[in-house]
$ cat run.pdb   # PDB, C-alpha atoms
MODEL        1
ATOM      1  CA  MET Q   1      43.338 101.397  21.544
ATOM      2  CA  LYS Q   2      40.482 100.702  19.133
ATOM      3  CA  GLN Q   3      36.930 100.757  20.409
ATOM      4  CA  SER Q   4      33.844  99.451  18.648
ATOM      5  CA  ILE Q   5      30.435 100.432  19.913
ATOM      6  CA  ILE Q   6      26.967  99.360  18.822
ATOM      7  CA  CYS Q   7      24.658 102.374  18.829
ATOM      8  CA  LYS Q   8      21.059 101.267  19.090
ATOM      9  CA  SER Q   9      19.478 104.699  19.389
ATOM     10  CA  ILE Q  10      20.223 108.309  18.543
ATOM     11  CA  LYS Q  11      19.829 108.958  22.282
ATOM     12  CA  GLU Q  12      23.107 107.095  22.873
ATOM     13  CA  LEU Q  13      25.176 109.373  20.647
ATOM     14  CA  ASP Q  14      26.046 111.958  23.324
ATOM     15  CA  LYS Q  15      27.457 109.213  25.519
ATOM     16  CA  ILE Q  16      29.480 107.801  22.613
ATOM     17  CA  ALA Q  17      30.666 111.324  21.701
ATOM     18  CA  LYS Q  18      31.922 111.835  25.269
ATOM     19  CA  GLN Q  19      33.726 108.515  25.089
ATOM     20  CA  LEU Q  20      35.378 109.455  21.772
ATOM     21  CA  ILE Q  21      36.671 112.775  23.152
ATOM     22  CA  LYS Q  22      37.772 111.164  26.428
ATOM     23  CA  THR Q  23      39.623 108.404  24.547
ATOM     24  CA  HIS Q  24      41.493 110.988  22.437
ATOM     25  CA  PRO Q  25      41.948 114.021  24.728
ATOM     26  CA  ASN Q  26      44.911 115.462  22.836
ATOM     27  CA  LYS Q  27      43.640 114.868  19.304
ATOM     28  CA  ARG Q  28      41.934 117.563  17.280
ATOM     29  CA  ILE Q  29      41.507 116.058  13.815
ATOM     30  CA  PHE Q  30      38.729 113.474  13.464
ATOM     31  CA  ALA Q  31      38.069 111.829  10.095
ATOM     32  CA  PHE Q  32      34.652 110.204   9.674
ATOM     33  CA  TYR Q  33      34.337 107.310   7.245
ATOM     34  CA  GLY Q  34      31.004 105.790   6.285
ATOM     35  CA  LYS Q  35      28.543 105.479   3.459
ATOM     36  CA  MET Q  36      26.052 108.178   2.582
ATOM     37  CA  GLY Q  37      23.348 108.184   5.258
ATOM     38  CA  SER Q  38      25.395 106.246   7.815
ATOM     39  CA  GLY Q  39      25.089 109.013  10.401
ATOM     40  CA  LYS Q  40      28.336 110.976  10.169
ATOM     41  CA  THR Q  41      26.712 114.404  10.445
ATOM     42  CA  THR Q  42      24.388 113.257  13.206
ATOM     43  CA  PHE Q  43      27.340 111.963  15.240
ATOM     44  CA  ILE Q  44      29.271 115.198  14.654
ATOM     45  CA  LYS Q  45      26.234 117.110  15.992
ATOM     46  CA  SER Q  46      26.508 115.125  19.235
ATOM     47  CA  ILE Q  47      30.252 115.710  19.470
ATOM     48  CA  CYS Q  48      29.802 119.467  19.020
ATOM     49  CA  LYS Q  49      27.080 119.464  21.659
ATOM     50  CA  VAL Q  50      29.329 117.566  24.087
ATOM     51  CA  LEU Q  51      32.111 120.083  23.432
ATOM     52  CA  GLY Q  52      29.743 122.902  24.388
ATOM     53  CA  SER Q  53      28.326 124.270  21.143
ATOM     54  CA  ASP Q  54      24.717 125.397  20.984
ATOM     55  CA  ASP Q  55      25.016 126.265  17.285
ATOM     56  CA  ILE Q  56      22.863 124.614  14.646
ATOM     57  CA  ILE Q  57      25.047 121.883  13.172
ATOM     58  CA  ASN Q  58      24.513 120.850   9.575
ATOM     59  CA  SER Q  59      26.696 119.399   6.887
ATOM     60  CA  PRO Q  60      28.751 121.939   4.918
ATOM     61  CA  THR Q  61      28.121 120.071   1.671
ATOM     62  CA  PHE Q  62      28.397 123.142  -0.553
ATOM     63  CA  SER Q  63      30.518 125.513   1.546
ATOM     64  CA  LEU Q  64      33.055 122.741   2.387
ATOM     65  CA  VAL Q  65      33.515 124.048   5.937
ATOM     66  CA  ASN Q  66      31.300 125.349   8.734
ATOM     67  CA  GLN Q  67      32.548 126.996  11.894
ATOM     68  CA  TYR Q  68      30.732 126.566  15.176
ATOM     69  CA  LEU Q  69      31.521 128.174  18.506
ATOM     70  CA  THR Q  70      31.476 126.610  21.943
ATOM     71  CA  GLN Q  71      30.143 128.412  25.017
ATOM     72  CA  ASP Q  72      33.800 129.243  25.778
ATOM     73  CA  ASN Q  73      34.109 130.891  22.334
ATOM     74  CA  GLU Q  74      36.354 128.124  20.978
ATOM     75  CA  SER Q  75      36.053 127.261  17.293
ATOM     76  CA  LEU Q  76      34.953 123.874  15.992
ATOM     77  CA  PHE Q  77      35.354 123.219  12.269
ATOM     78  CA  HIS Q  78      33.190 120.799  10.290
ATOM     79  CA  PHE Q  79      34.218 119.776   6.781
ATOM     80  CA  ASP Q  80      32.377 117.878   4.075
ATOM     81  CA  PHE Q  81      34.516 116.963   1.076
ATOM     82  CA  TYR Q  82      31.969 114.788  -0.728
ATOM     83  CA  ARG Q  83      31.563 117.162  -3.657
ATOM     84  CA  ILE Q  84      35.163 118.200  -4.269
ATOM     85  CA  GLU Q  85      36.568 117.383  -7.657
ATOM     86  CA  LYS Q  86      40.162 118.552  -7.210
ATOM     87  CA  LEU Q  87      42.464 118.912  -4.212
ATOM     88  CA  GLU Q  88      42.996 122.518  -5.262
ATOM     89  CA  GLU Q  89      39.474 123.276  -3.991
ATOM     90  CA  VAL Q  90      40.566 122.265  -0.503
ATOM     91  CA  MET Q  91      43.827 124.156  -0.810
ATOM     92  CA  ASP Q  92      41.874 127.248  -1.895
ATOM     93  CA  ILE Q  93      39.923 127.319   1.380
ATOM     94  CA  GLY Q  94      43.206 127.258   3.313
ATOM     95  CA  TYR Q  95      42.722 123.831   4.874
ATOM     96  CA  GLU Q  96      46.132 124.032   6.620
ATOM     97  CA  GLU Q  97      45.001 126.986   8.719
ATOM     98  CA  TYR Q  98      42.145 124.871  10.011
ATOM     99  CA  PHE Q  99      43.931 121.536  10.391
ATOM    100  CA  TYR Q 100      46.923 123.016  12.206
ATOM    101  CA  SER Q 101      45.048 125.609  14.267
ATOM    102  CA  GLY Q 102      44.728 123.445  17.374
ATOM    103  CA  SER Q 103      40.932 123.622  17.059
ATOM    104  CA  TYR Q 104      38.740 120.573  16.655
ATOM    105  CA  CYS Q 105      38.244 119.590  13.017
ATOM    106  CA  PHE Q 106      35.601 117.048  12.037
ATOM    107  CA  ILE Q 107      35.989 115.788   8.476
ATOM    108  CA  GLU Q 108      33.328 113.987   6.459
ATOM    109  CA  TRP Q 109      34.509 112.165   3.331
ATOM    110  CA  PRO Q 110      38.220 112.328   4.271
ATOM    111  CA  GLU Q 111      39.006 109.727   1.614
ATOM    112  CA  MET Q 112      38.607 112.547  -0.913
ATOM    113  CA  ILE Q 113      41.605 114.373   0.591
ATOM    114  CA  LYS Q 114      43.688 111.503   1.954
ATOM    115  CA  GLU Q 115      46.901 113.118   0.667
ATOM    116  CA  LEU Q 116      46.214 116.226   2.777
ATOM    117  CA  LEU Q 117      45.269 114.612   6.091
ATOM    118  CA  PRO Q 118      47.680 115.268   8.951
ATOM    119  CA  GLU Q 119      49.556 112.247  10.327
ATOM    120  CA  ASN Q 120      47.834 111.918  13.670
ATOM    121  CA  PHE Q 121      44.142 112.039  12.953
ATOM    122  CA  VAL Q 122      41.504 109.913  14.658
ATOM    123  CA  TYR Q 123      39.893 107.417  12.285
ATOM    124  CA  VAL Q 124      36.160 107.122  13.033
ATOM    125  CA  LYS Q 125      34.168 104.559  11.078
ATOM    126  CA  ILE Q 126      30.378 104.402  11.078
ATOM    127  CA  GLU Q 127      28.514 101.492   9.558
ATOM    128  CA  ALA Q 128      24.798 100.714   9.551
ATOM    129  CA  ASP Q 129      23.393  97.228   9.904
ATOM    130  CA  GLU Q 130      21.493  95.812   6.937
ATOM    131  CA  GLU Q 131      18.122  97.023   8.222
ATOM    132  CA  GLY Q 132      19.505 100.447   9.192
ATOM    133  CA  ASN Q 133      18.431 100.065  12.817
ATOM    134  CA  TYR Q 134      21.872 100.100  14.447
ATOM    135  CA  ARG Q 135      25.127 101.888  13.873
ATOM    136  CA  TYR Q 136      28.528 100.376  14.505
ATOM    137  CA  ILE Q 137      30.925 103.125  15.504
ATOM    138  CA  SER Q 138      34.623 102.378  15.828
ATOM    139  CA  PHE Q 139      37.513 104.662  16.651
TER     140      PHE Q 139
ENDMDL
END
$ encode --input "run.pdb" --output "C-alpha cells"
Amino acid sequence: MKQSIICKSIKELDKIAKQLIKTHPNKRIFAFYGKMGSGKTTFIKSICKVLGSDDIINSPTFSLVNQYLTQDNESLFHFDFYRIEKLEEVMDIGYEEYFYSGSYCFIEWPEMIKELLPENFVYVKIEADEEGNYRYISF
C-alpha cells in the first residue's frame, strides 16, 4: 500500500513519522530517496523521536553511520552514503551486522549501495515543490 502525503510544515513530521512506522510495523530497513536538501535527515529526526530517542540526530556524512538509543535502550542506526566512492567502504563498516540486526536502519542515499540493500526495505521518497515550501513524502 503506497501512501503519498503533502507535508506543509515541519510541525507535521512527527505525525507523518508515526504513520510511516504504523504502516510498516514489521519493517526495519528504510531507504530515503530525495535530492540534497529535500529533508531526509529532518524526517529521520522525527522518526527517531517517535521511536523514543532523545539523542541529537544529525547526518553521519563523514562517519557513514550513527547509532542512537531509544529510552528502552534499543539501537537505531542512521546511514549516509552520499560520499562513498566504493562499495568496499560500506563492507568495511560491517553493514550486514546493522542491516540484519533487527534494529531500525535509516539509510540516506541508498542509491549508492543499491546492490547491498536487503530485499524487503521500505522505499521512502521525499520531494520538494518548486518553491521549497512543501514536501511530498511517499512510502
$ residues_around --input "run.pdb" --residues "stretch 71-85 of chain Q" --least-positions-apart "4" --cutoff "10 Å" --atoms "all atoms listed in the file" --output "number ranges by chain"
Q: 28-32, 36, 41, 44-45, 48, 51-55, 57-67, 89-90, 95, 98-99, 101-113
$ resolve_selection --input "run.pdb" --expression "the PyMOL selection byres ((chain Q and resi 124) around 8)" --output "JSON, numbers by chain"
{"Q": [30, 31, 32, 33, 122, 123, 125, 126, 137, 138, 139]}
$ write_last_selection --input "run.pdb" --atoms "C-alpha atoms" --output "mmCIF file, in the coordinates of the input"
data_model
loop_
_atom_site.group_PDB
_atom_site.id
_atom_site.type_symbol
_atom_site.label_atom_id
_atom_site.label_comp_id
_atom_site.auth_asym_id
_atom_site.auth_seq_id
_atom_site.Cartn_x
_atom_site.Cartn_y
_atom_site.Cartn_z
ATOM 1 C CA PHE Q 30 38.729 113.474 13.464
ATOM 2 C CA ALA Q 31 38.069 111.829 10.095
ATOM 3 C CA PHE Q 32 34.652 110.204 9.674
ATOM 4 C CA TYR Q 33 34.337 107.310 7.245
ATOM 5 C CA VAL Q 122 41.504 109.913 14.658
ATOM 6 C CA TYR Q 123 39.893 107.417 12.285
ATOM 7 C CA LYS Q 125 34.168 104.559 11.078
ATOM 8 C CA ILE Q 126 30.378 104.402 11.078
ATOM 9 C CA ILE Q 137 30.925 103.125 15.504
ATOM 10 C CA SER Q 138 34.623 102.378 15.828
ATOM 11 C CA PHE Q 139 37.513 104.662 16.651
#
$ axis_aligned_box --input "run.pdb" --around "stretch 34-40 of chain Q" --padding-each-side "4 Å" --output "AutoDock Vina command-line options"
--center_x 27.2 --center_y 108.2 --center_z 6.5 --size_x 15.7 --size_y 13.5 --size_z 15.8
$ atom_distance --input "run.pdb" --atom1 "atom CA of Q:Ser38" --atom2 "atom CA of Q:Ile10"
12.1 Å
$ resolve_selection --input "run.pdb" --expression "the PyMOL selection byres ((chain Q and resi 13) around 12)" --output "number ranges by chain"
Q: 5-12, 14-20, 39-50, 126, 134-137
$ write_last_selection --input "run.pdb" --atoms "C-alpha atoms" --output "compact mmCIF listing (two decimals), keeping the file's coordinate frame"
# COMPACT_ATOMS: atom_id res chain seq x y z
CA ILE Q 5 30.44 100.43 19.91
CA ILE Q 6 26.97 99.36 18.82
CA CYS Q 7 24.66 102.37 18.83
CA LYS Q 8 21.06 101.27 19.09
CA SER Q 9 19.48 104.70 19.39
CA ILE Q 10 20.22 108.31 18.54
CA LYS Q 11 19.83 108.96 22.28
CA GLU Q 12 23.11 107.10 22.87
CA ASP Q 14 26.05 111.96 23.32
CA LYS Q 15 27.46 109.21 25.52
CA ILE Q 16 29.48 107.80 22.61
CA ALA Q 17 30.67 111.32 21.70
CA LYS Q 18 31.92 111.84 25.27
CA GLN Q 19 33.73 108.52 25.09
CA LEU Q 20 35.38 109.46 21.77
CA GLY Q 39 25.09 109.01 10.40
CA LYS Q 40 28.34 110.98 10.17
CA THR Q 41 26.71 114.40 10.44
CA THR Q 42 24.39 113.26 13.21
CA PHE Q 43 27.34 111.96 15.24
CA ILE Q 44 29.27 115.20 14.65
CA LYS Q 45 26.23 117.11 15.99
CA SER Q 46 26.51 115.12 19.24
CA ILE Q 47 30.25 115.71 19.47
CA CYS Q 48 29.80 119.47 19.02
CA LYS Q 49 27.08 119.46 21.66
CA VAL Q 50 29.33 117.57 24.09
CA ILE Q 126 30.38 104.40 11.08
CA TYR Q 134 21.87 100.10 14.45
CA ARG Q 135 25.13 101.89 13.87
CA TYR Q 136 28.53 100.38 14.50
CA ILE Q 137 30.92 103.12 15.50
$ atom_distance --input "run.pdb" --atom1 "atom CA of Q:Glu97" --atom2 "atom CA of Q:Lys22"
24.8 Å
$ atom_distance --input "run.pdb" --atom1 "atom CA of Q:Lys86" --atom2 "atom CA of Q:Phe121"
21.6 Å
